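J.: Provided below: coords.txt, containing compact mmCIF, N, CA, C and O atoms.
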# COMPACT_ATOMS: atom_id res chain seq x y z
N MET A 4 -33.79 -5.06 25.07
CA MET A 4 -35.16 -5.19 25.48
C MET A 4 -35.82 -6.17 24.54
O MET A 4 -35.68 -6.07 23.35
N SER A 5 -36.56 -7.13 25.11
CA SER A 5 -37.22 -8.08 24.24
C SER A 5 -38.63 -8.34 24.71
O SER A 5 -38.92 -8.31 25.90
N VAL A 6 -39.50 -8.56 23.78
CA VAL A 6 -40.86 -9.00 24.06
C VAL A 6 -40.95 -10.37 23.42
O VAL A 6 -41.04 -10.48 22.21
N PRO A 7 -40.83 -11.43 24.24
CA PRO A 7 -40.83 -12.76 23.65
C PRO A 7 -42.07 -13.00 22.82
O PRO A 7 -43.16 -12.58 23.19
N GLU A 8 -41.89 -13.66 21.69
CA GLU A 8 -43.03 -13.98 20.84
C GLU A 8 -43.94 -14.98 21.53
O GLU A 8 -45.13 -14.86 21.48
N ARG A 9 -43.38 -15.96 22.16
CA ARG A 9 -44.14 -17.00 22.87
C ARG A 9 -43.23 -17.65 23.91
O ARG A 9 -42.08 -17.94 23.65
N LEU A 10 -43.78 -17.89 25.06
CA LEU A 10 -43.11 -18.69 26.08
C LEU A 10 -44.05 -19.82 26.45
O LEU A 10 -45.25 -19.59 26.59
N THR A 11 -43.51 -20.99 26.63
CA THR A 11 -44.33 -22.08 27.14
C THR A 11 -44.51 -21.87 28.65
O THR A 11 -43.78 -21.10 29.27
N ALA A 12 -45.45 -22.57 29.22
CA ALA A 12 -45.66 -22.51 30.67
C ALA A 12 -44.38 -22.93 31.40
O ALA A 12 -44.00 -22.32 32.41
N ASP A 13 -43.71 -23.94 30.89
CA ASP A 13 -42.47 -24.41 31.52
C ASP A 13 -41.36 -23.35 31.43
O ASP A 13 -40.60 -23.16 32.38
N GLU A 14 -41.26 -22.66 30.30
CA GLU A 14 -40.25 -21.62 30.14
C GLU A 14 -40.52 -20.44 31.09
O GLU A 14 -39.60 -19.90 31.71
N LEU A 15 -41.79 -20.07 31.21
CA LEU A 15 -42.14 -18.99 32.13
C LEU A 15 -41.88 -19.40 33.57
O LEU A 15 -41.31 -18.63 34.34
N ALA A 16 -42.24 -20.62 33.92
CA ALA A 16 -41.98 -21.11 35.28
C ALA A 16 -40.48 -21.12 35.57
O ALA A 16 -40.05 -20.71 36.66
N ALA A 17 -39.67 -21.55 34.62
CA ALA A 17 -38.21 -21.56 34.81
C ALA A 17 -37.68 -20.15 34.99
O ALA A 17 -36.81 -19.91 35.84
N LEU A 18 -38.20 -19.20 34.23
CA LEU A 18 -37.77 -17.81 34.35
C LEU A 18 -38.08 -17.27 35.74
O LEU A 18 -37.22 -16.69 36.41
N VAL A 19 -39.30 -17.48 36.21
CA VAL A 19 -39.74 -16.97 37.50
C VAL A 19 -39.00 -17.66 38.65
O VAL A 19 -38.70 -17.02 39.66
N ARG A 20 -38.68 -18.93 38.50
CA ARG A 20 -38.00 -19.69 39.56
C ARG A 20 -36.49 -19.51 39.58
O ARG A 20 -35.84 -19.91 40.54
N ASP A 21 -35.94 -18.92 38.54
CA ASP A 21 -34.49 -18.73 38.44
C ASP A 21 -34.03 -17.74 39.51
O ASP A 21 -34.35 -16.56 39.46
N LYS A 22 -33.29 -18.24 40.49
CA LYS A 22 -32.82 -17.43 41.62
C LYS A 22 -31.84 -16.35 41.20
O LYS A 22 -31.60 -15.40 41.95
N ASP A 23 -31.24 -16.49 40.02
CA ASP A 23 -30.32 -15.47 39.52
C ASP A 23 -31.03 -14.32 38.83
O ASP A 23 -30.41 -13.32 38.48
N LYS A 24 -32.34 -14.45 38.62
CA LYS A 24 -33.14 -13.42 37.94
C LYS A 24 -33.92 -12.63 38.99
O LYS A 24 -34.50 -13.20 39.90
N VAL A 25 -33.93 -11.32 38.82
CA VAL A 25 -34.63 -10.43 39.74
C VAL A 25 -35.85 -9.84 39.02
O VAL A 25 -35.69 -9.16 38.00
N PRO A 26 -37.06 -10.09 39.56
CA PRO A 26 -38.25 -9.52 38.94
C PRO A 26 -38.17 -7.99 38.94
O PRO A 26 -37.75 -7.39 39.91
N GLY A 27 -38.57 -7.39 37.85
CA GLY A 27 -38.53 -5.93 37.73
C GLY A 27 -37.18 -5.40 37.27
O GLY A 27 -37.06 -4.25 36.90
N THR A 28 -36.17 -6.26 37.29
CA THR A 28 -34.83 -5.89 36.84
C THR A 28 -34.42 -6.73 35.64
O THR A 28 -34.02 -6.21 34.61
N ASP A 29 -34.52 -8.07 35.79
CA ASP A 29 -34.15 -8.98 34.71
C ASP A 29 -35.34 -9.35 33.83
O ASP A 29 -35.18 -9.72 32.67
N TYR A 30 -36.52 -9.28 34.41
CA TYR A 30 -37.74 -9.60 33.67
C TYR A 30 -38.92 -8.97 34.41
O TYR A 30 -38.81 -8.62 35.59
N VAL A 31 -40.02 -8.83 33.71
CA VAL A 31 -41.27 -8.43 34.35
C VAL A 31 -42.39 -9.20 33.67
O VAL A 31 -42.37 -9.41 32.46
N VAL A 32 -43.32 -9.68 34.48
CA VAL A 32 -44.51 -10.35 33.97
C VAL A 32 -45.67 -9.38 34.11
O VAL A 32 -45.99 -8.94 35.21
N ILE A 33 -46.28 -9.03 32.99
CA ILE A 33 -47.46 -8.18 32.98
C ILE A 33 -48.66 -9.11 32.83
O ILE A 33 -48.82 -9.75 31.78
N ASP A 34 -49.47 -9.20 33.86
CA ASP A 34 -50.66 -10.06 33.84
C ASP A 34 -51.82 -9.22 33.32
O ASP A 34 -52.18 -8.22 33.93
N VAL A 35 -52.37 -9.60 32.18
CA VAL A 35 -53.38 -8.78 31.53
C VAL A 35 -54.81 -9.21 31.84
O VAL A 35 -55.76 -8.76 31.21
N ARG A 36 -54.97 -10.04 32.87
CA ARG A 36 -56.31 -10.45 33.26
C ARG A 36 -56.99 -9.34 34.07
O ARG A 36 -56.34 -8.44 34.57
N ASP A 37 -58.30 -9.44 34.22
CA ASP A 37 -59.06 -8.45 34.98
C ASP A 37 -59.18 -8.88 36.44
O ASP A 37 -58.17 -9.07 37.10
N GLU A 38 -60.37 -9.08 36.88
CA GLU A 38 -60.64 -9.41 38.28
C GLU A 38 -60.01 -10.73 38.72
O GLU A 38 -59.70 -10.91 39.90
N ASP A 39 -59.83 -11.67 37.81
CA ASP A 39 -59.28 -12.97 38.19
C ASP A 39 -57.82 -12.87 38.65
O ASP A 39 -57.30 -13.78 39.27
N PHE A 40 -57.15 -11.75 38.39
CA PHE A 40 -55.79 -11.54 38.90
C PHE A 40 -55.79 -11.61 40.43
O PHE A 40 -54.87 -12.15 41.03
N LYS A 41 -56.85 -11.07 41.04
CA LYS A 41 -56.94 -11.03 42.51
C LYS A 41 -57.05 -12.42 43.12
O LYS A 41 -56.64 -12.63 44.25
N VAL A 42 -57.59 -13.36 42.36
CA VAL A 42 -57.79 -14.71 42.86
C VAL A 42 -56.46 -15.47 42.93
O VAL A 42 -56.24 -16.29 43.81
N GLY A 43 -55.55 -15.17 42.03
CA GLY A 43 -54.24 -15.81 42.01
C GLY A 43 -53.44 -15.35 40.82
O GLY A 43 -54.01 -15.08 39.76
N HIS A 44 -52.14 -15.20 41.03
CA HIS A 44 -51.28 -14.73 39.95
C HIS A 44 -49.84 -15.15 40.20
O HIS A 44 -49.49 -15.60 41.28
N ILE A 45 -49.02 -14.98 39.20
CA ILE A 45 -47.60 -15.30 39.28
C ILE A 45 -46.96 -14.32 40.26
O ILE A 45 -47.19 -13.11 40.16
N PRO A 46 -46.17 -14.82 41.21
CA PRO A 46 -45.53 -13.91 42.17
C PRO A 46 -44.72 -12.83 41.46
O PRO A 46 -43.97 -13.10 40.52
N GLY A 47 -44.93 -11.58 41.88
CA GLY A 47 -44.21 -10.46 41.29
C GLY A 47 -44.84 -9.88 40.04
O GLY A 47 -44.37 -8.88 39.51
N ALA A 48 -45.91 -10.52 39.55
CA ALA A 48 -46.56 -10.03 38.33
C ALA A 48 -47.22 -8.67 38.58
O ALA A 48 -47.68 -8.38 39.68
N VAL A 49 -47.24 -7.87 37.54
CA VAL A 49 -47.87 -6.55 37.57
C VAL A 49 -49.19 -6.68 36.82
O VAL A 49 -49.22 -7.21 35.71
N ASN A 50 -50.27 -6.22 37.43
CA ASN A 50 -51.58 -6.34 36.79
C ASN A 50 -51.92 -5.09 36.01
O ASN A 50 -52.01 -3.99 36.55
N VAL A 51 -52.06 -5.25 34.70
CA VAL A 51 -52.56 -4.21 33.80
C VAL A 51 -53.56 -4.91 32.89
O VAL A 51 -53.16 -5.60 31.96
N PRO A 52 -54.85 -4.78 33.19
CA PRO A 52 -55.85 -5.46 32.35
C PRO A 52 -55.68 -5.12 30.87
O PRO A 52 -55.32 -3.99 30.51
N ALA A 53 -55.95 -6.08 30.03
CA ALA A 53 -55.73 -5.94 28.58
C ALA A 53 -56.41 -4.70 28.02
O ALA A 53 -55.84 -4.02 27.17
N HIS A 54 -57.60 -4.38 28.51
CA HIS A 54 -58.31 -3.22 27.96
C HIS A 54 -57.66 -1.90 28.36
O HIS A 54 -58.03 -0.85 27.85
N GLU A 55 -56.68 -1.93 29.26
CA GLU A 55 -55.98 -0.72 29.69
C GLU A 55 -54.56 -0.60 29.10
O GLU A 55 -53.89 0.41 29.32
N ILE A 56 -54.10 -1.62 28.40
CA ILE A 56 -52.70 -1.65 27.92
C ILE A 56 -52.36 -0.45 27.05
O ILE A 56 -51.34 0.20 27.27
N ARG A 57 -53.19 -0.16 26.09
CA ARG A 57 -52.87 0.95 25.17
C ARG A 57 -52.65 2.25 25.94
O ARG A 57 -51.72 3.00 25.67
N GLY A 58 -53.48 2.52 26.92
CA GLY A 58 -53.34 3.74 27.72
C GLY A 58 -52.22 3.68 28.74
O GLY A 58 -51.81 4.71 29.28
N ALA A 59 -51.71 2.49 29.01
CA ALA A 59 -50.67 2.32 30.03
C ALA A 59 -49.27 2.18 29.45
O ALA A 59 -48.30 2.08 30.20
N THR A 60 -49.13 2.20 28.12
CA THR A 60 -47.81 1.94 27.54
C THR A 60 -46.76 2.97 27.97
O THR A 60 -45.62 2.58 28.23
N SER A 61 -47.12 4.23 28.07
CA SER A 61 -46.14 5.24 28.49
C SER A 61 -45.62 4.93 29.89
O SER A 61 -44.42 4.98 30.15
N ARG A 62 -46.53 4.60 30.80
CA ARG A 62 -46.13 4.25 32.17
C ARG A 62 -45.28 2.98 32.18
O ARG A 62 -44.25 2.91 32.86
N LEU A 63 -45.71 1.98 31.42
CA LEU A 63 -44.95 0.73 31.38
C LEU A 63 -43.55 0.95 30.81
O LEU A 63 -42.57 0.40 31.33
N LEU A 64 -43.44 1.75 29.76
CA LEU A 64 -42.12 2.05 29.19
C LEU A 64 -41.26 2.81 30.20
O LEU A 64 -40.06 2.55 30.31
N SER A 65 -41.87 3.72 30.92
CA SER A 65 -41.13 4.48 31.91
C SER A 65 -40.61 3.58 33.04
O SER A 65 -39.47 3.68 33.46
N GLU A 66 -41.48 2.69 33.51
CA GLU A 66 -41.12 1.82 34.63
C GLU A 66 -40.28 0.61 34.22
O GLU A 66 -39.41 0.18 34.98
N TYR A 67 -40.53 0.06 33.04
CA TYR A 67 -39.89 -1.20 32.66
C TYR A 67 -39.12 -1.14 31.34
O TYR A 67 -38.70 -2.17 30.83
N GLY A 68 -38.91 0.06 30.81
CA GLY A 68 -38.21 0.21 29.54
C GLY A 68 -36.80 -0.38 29.54
O GLY A 68 -36.31 -0.81 28.51
N GLY A 69 -36.17 -0.41 30.68
CA GLY A 69 -34.82 -0.97 30.78
C GLY A 69 -34.78 -2.44 31.13
O GLY A 69 -33.71 -3.04 31.22
N VAL A 70 -35.94 -3.04 31.35
CA VAL A 70 -36.00 -4.47 31.70
C VAL A 70 -35.85 -5.28 30.42
O VAL A 70 -36.59 -5.07 29.46
N PRO A 71 -34.89 -6.21 30.39
CA PRO A 71 -34.61 -6.91 29.13
C PRO A 71 -35.69 -7.87 28.65
O PRO A 71 -35.82 -8.11 27.44
N THR A 72 -36.49 -8.43 29.55
CA THR A 72 -37.52 -9.38 29.14
C THR A 72 -38.85 -8.97 29.75
O THR A 72 -38.99 -8.91 30.96
N VAL A 73 -39.81 -8.70 28.87
CA VAL A 73 -41.16 -8.33 29.30
C VAL A 73 -42.10 -9.41 28.78
O VAL A 73 -42.14 -9.67 27.58
N VAL A 74 -42.83 -10.04 29.71
CA VAL A 74 -43.72 -11.14 29.36
C VAL A 74 -45.16 -10.71 29.65
O VAL A 74 -45.45 -10.26 30.75
N PHE A 75 -46.03 -10.86 28.67
CA PHE A 75 -47.45 -10.57 28.86
C PHE A 75 -48.17 -11.89 29.05
O PHE A 75 -48.08 -12.78 28.22
N HIS A 76 -48.88 -11.99 30.18
CA HIS A 76 -49.49 -13.26 30.58
C HIS A 76 -50.99 -13.14 30.73
O HIS A 76 -51.50 -12.17 31.29
N CYS A 77 -51.67 -14.14 30.24
CA CYS A 77 -53.10 -14.31 30.45
C CYS A 77 -53.32 -15.81 30.61
O CYS A 77 -52.84 -16.59 29.80
N ALA A 78 -54.01 -16.20 31.65
CA ALA A 78 -54.12 -17.62 31.99
C ALA A 78 -54.65 -18.50 30.87
O ALA A 78 -54.08 -19.53 30.57
N LEU A 79 -55.74 -18.12 30.25
CA LEU A 79 -56.37 -19.01 29.28
C LEU A 79 -56.45 -18.46 27.87
O LEU A 79 -56.44 -19.21 26.91
N SER A 80 -56.57 -17.17 27.74
CA SER A 80 -56.80 -16.57 26.44
C SER A 80 -55.57 -16.65 25.54
O SER A 80 -54.46 -16.42 25.96
N GLN A 81 -55.81 -16.95 24.30
CA GLN A 81 -54.75 -16.91 23.30
C GLN A 81 -54.76 -15.58 22.57
O GLN A 81 -54.08 -15.39 21.58
N VAL A 82 -55.56 -14.63 23.10
CA VAL A 82 -55.72 -13.35 22.44
C VAL A 82 -55.16 -12.20 23.28
O VAL A 82 -54.35 -11.41 22.80
N ARG A 83 -55.59 -12.08 24.52
CA ARG A 83 -55.23 -10.91 25.33
C ARG A 83 -53.73 -10.74 25.55
O ARG A 83 -53.20 -9.64 25.40
N GLY A 84 -53.04 -11.81 25.90
CA GLY A 84 -51.59 -11.71 26.13
C GLY A 84 -50.83 -11.33 24.87
O GLY A 84 -50.09 -10.34 24.87
N PRO A 85 -51.00 -12.07 23.78
CA PRO A 85 -50.30 -11.72 22.54
C PRO A 85 -50.66 -10.33 22.01
O PRO A 85 -49.79 -9.60 21.53
N LYS A 86 -51.94 -9.96 22.10
CA LYS A 86 -52.34 -8.63 21.62
C LYS A 86 -51.69 -7.54 22.47
O LYS A 86 -51.20 -6.54 21.94
N SER A 87 -51.65 -7.73 23.78
CA SER A 87 -51.02 -6.76 24.67
C SER A 87 -49.52 -6.66 24.38
O SER A 87 -48.96 -5.57 24.38
N ALA A 88 -48.88 -7.79 24.13
CA ALA A 88 -47.46 -7.79 23.79
C ALA A 88 -47.21 -7.03 22.50
O ALA A 88 -46.24 -6.26 22.40
N ARG A 89 -48.07 -7.21 21.52
CA ARG A 89 -47.93 -6.49 20.25
C ARG A 89 -48.06 -4.98 20.46
O ARG A 89 -47.27 -4.20 19.93
N ILE A 90 -49.04 -4.56 21.25
CA ILE A 90 -49.23 -3.13 21.52
C ILE A 90 -48.00 -2.56 22.22
O ILE A 90 -47.52 -1.48 21.86
N TYR A 91 -47.47 -3.29 23.18
CA TYR A 91 -46.27 -2.84 23.90
C TYR A 91 -45.07 -2.77 22.95
O TYR A 91 -44.31 -1.80 22.96
N LYS A 92 -44.92 -3.80 22.13
CA LYS A 92 -43.80 -3.84 21.19
C LYS A 92 -43.86 -2.66 20.22
O LYS A 92 -42.83 -2.05 19.90
N GLU A 93 -45.06 -2.31 19.75
CA GLU A 93 -45.23 -1.15 18.87
C GLU A 93 -44.86 0.14 19.61
O GLU A 93 -44.24 1.03 19.04
N ALA A 94 -45.24 0.24 20.89
CA ALA A 94 -44.91 1.43 21.68
C ALA A 94 -43.40 1.55 21.88
O ALA A 94 -42.84 2.65 21.83
N VAL A 95 -42.73 0.42 22.08
CA VAL A 95 -41.27 0.42 22.21
C VAL A 95 -40.64 0.91 20.91
O VAL A 95 -39.75 1.77 20.92
N ALA A 96 -41.11 0.39 19.79
CA ALA A 96 -40.56 0.80 18.49
C ALA A 96 -40.77 2.30 18.26
O ALA A 96 -39.85 2.99 17.81
N GLU A 97 -41.94 2.82 18.59
CA GLU A 97 -42.22 4.25 18.44
C GLU A 97 -41.32 5.08 19.35
O GLU A 97 -40.80 6.12 18.94
N ALA A 98 -41.12 4.62 20.59
CA ALA A 98 -40.26 5.35 21.53
C ALA A 98 -38.82 5.36 21.05
O ALA A 98 -38.13 6.38 21.16
N LEU A 99 -38.35 4.24 20.52
CA LEU A 99 -36.98 4.17 20.01
C LEU A 99 -36.80 5.09 18.80
O LEU A 99 -35.81 5.79 18.68
N GLU A 100 -37.80 5.08 17.92
CA GLU A 100 -37.74 5.94 16.74
C GLU A 100 -37.76 7.41 17.15
O GLU A 100 -36.99 8.22 16.64
N SER A 101 -38.60 7.74 18.10
CA SER A 101 -38.69 9.11 18.59
C SER A 101 -37.39 9.53 19.27
O SER A 101 -36.90 10.64 19.07
N ALA A 102 -36.82 8.63 20.08
CA ALA A 102 -35.57 8.93 20.78
C ALA A 102 -34.43 9.12 19.78
O ALA A 102 -33.60 10.02 19.94
N ALA A 103 -34.40 8.31 18.74
CA ALA A 103 -33.35 8.43 17.72
C ALA A 103 -33.49 9.75 16.98
O ALA A 103 -32.51 10.44 16.70
N GLY A 104 -34.72 10.14 16.68
CA GLY A 104 -34.98 11.38 15.97
C GLY A 104 -34.66 12.60 16.81
O GLY A 104 -34.25 13.64 16.31
N ALA A 105 -34.83 12.46 18.14
CA ALA A 105 -34.57 13.58 19.05
C ALA A 105 -33.12 13.57 19.54
O ALA A 105 -32.72 14.44 20.29
N GLY A 106 -32.37 12.55 19.15
CA GLY A 106 -30.97 12.47 19.57
C GLY A 106 -30.78 11.97 20.98
O GLY A 106 -29.75 12.16 21.58
N GLY A 107 -31.76 11.29 21.53
CA GLY A 107 -31.59 10.77 22.89
C GLY A 107 -32.92 10.34 23.47
O GLY A 107 -33.84 10.03 22.75
N GLY A 108 -32.98 10.36 24.76
CA GLY A 108 -34.20 9.94 25.45
C GLY A 108 -33.95 8.68 26.24
O GLY A 108 -32.91 8.04 26.09
N PRO A 109 -34.88 8.32 27.10
CA PRO A 109 -34.66 7.19 28.01
C PRO A 109 -34.48 5.85 27.33
O PRO A 109 -33.87 4.95 27.89
N LEU A 110 -34.99 5.68 26.13
CA LEU A 110 -34.86 4.38 25.46
C LEU A 110 -33.79 4.39 24.38
O LEU A 110 -33.59 3.39 23.71
N ALA A 111 -33.09 5.48 24.21
CA ALA A 111 -32.11 5.59 23.13
C ALA A 111 -31.02 4.52 23.24
O ALA A 111 -30.54 4.00 22.23
N ASP A 112 -30.63 4.13 24.45
CA ASP A 112 -29.59 3.12 24.63
C ASP A 112 -30.08 1.72 24.30
O ASP A 112 -29.29 0.81 24.18
N GLN A 113 -31.38 1.51 24.21
CA GLN A 113 -31.95 0.19 24.04
C GLN A 113 -31.89 -0.31 22.61
O GLN A 113 -32.19 -1.44 22.33
N LYS A 114 -31.53 0.53 21.67
CA LYS A 114 -31.49 0.17 20.26
C LYS A 114 -30.55 -0.95 19.97
O LYS A 114 -29.54 -1.11 20.54
In structure tokens, write the structure found in this file.

T.:
Amino acid sequence: MSVPERLTADELAALVRDKDKVPGTDYVVIDVRDEDFKVGHIPGAVNVPAHEIRGATSRLLSEYGGVPTVVFHCALSQVRGPKSARIYKEAVAEALESAAGAGGGPLADQK
């Protein structure tokens, strides 16, 4: 499981256009914009506004914990996407630590 530190627009476009990659299986794009998501977004992107990320991490881990590449996207902001990625990355680390301490769990194999 990886949360890329940074992807360029070209790298993200190549990932989304790669016919060998399946959205939701090989990668997932989490679009952290609010209402502007409705106006246009990356095909297959999941909308979780940045202000909801902290409360949505359990659901995101449950749904996408096995997806190897998770990308947090915001069209213009240099803050919302990276901050959301950091929150998710911290939740992954906590889940892995908890799973290791409990001797298993859904993310135990991801270590």

J.: When you look at Glu93 in chain A with a cut-off of 12 Å (counting only C-alpha atoms), what residues show up, excluding the ones that are within fewer than 2 positions of it in the same chain? I need them as a list in words.

T.: Ser5, Val6, Ile56, Arg57, Thr60, Ser61, Leu64, Lys86, Ser87, Ala88, Arg89, Ile90, Tyr91, Val95, Ala96, Glu97, Ala98, Leu99 and Glu100 of chain A

J.: Between CA of Pro52 in chain A and atom N of Asp39 in chain A, what is the spacing in Å?

T.: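 Atom-to-atom, atom N of Asp39 in chain A and CA of Pro52 in chain A are spaced 9.2 Å apart.
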
J.: When distances are computed from all atoms listed in the file, which of A:Leu10, A:Cys77, A:Val70, A:Ala16 shows the smallest separation from Asp34 in chain A?

T.: A:Cys77

J.: Grab the atom N of Gly27 in chain A to CA of Ala103 in chain A distance for me, in Å with one decimal place.

T.: 26.1 Å

J.: Starting from the point (-50.9, -12.4, 31.9), work out which residues of protein, DNA or RNA have an atom no more than 6 Å away when counting all atoms listed in the file; state them as a PyMOL selection string.

T.: chain A and resi 33-36+74-78+84
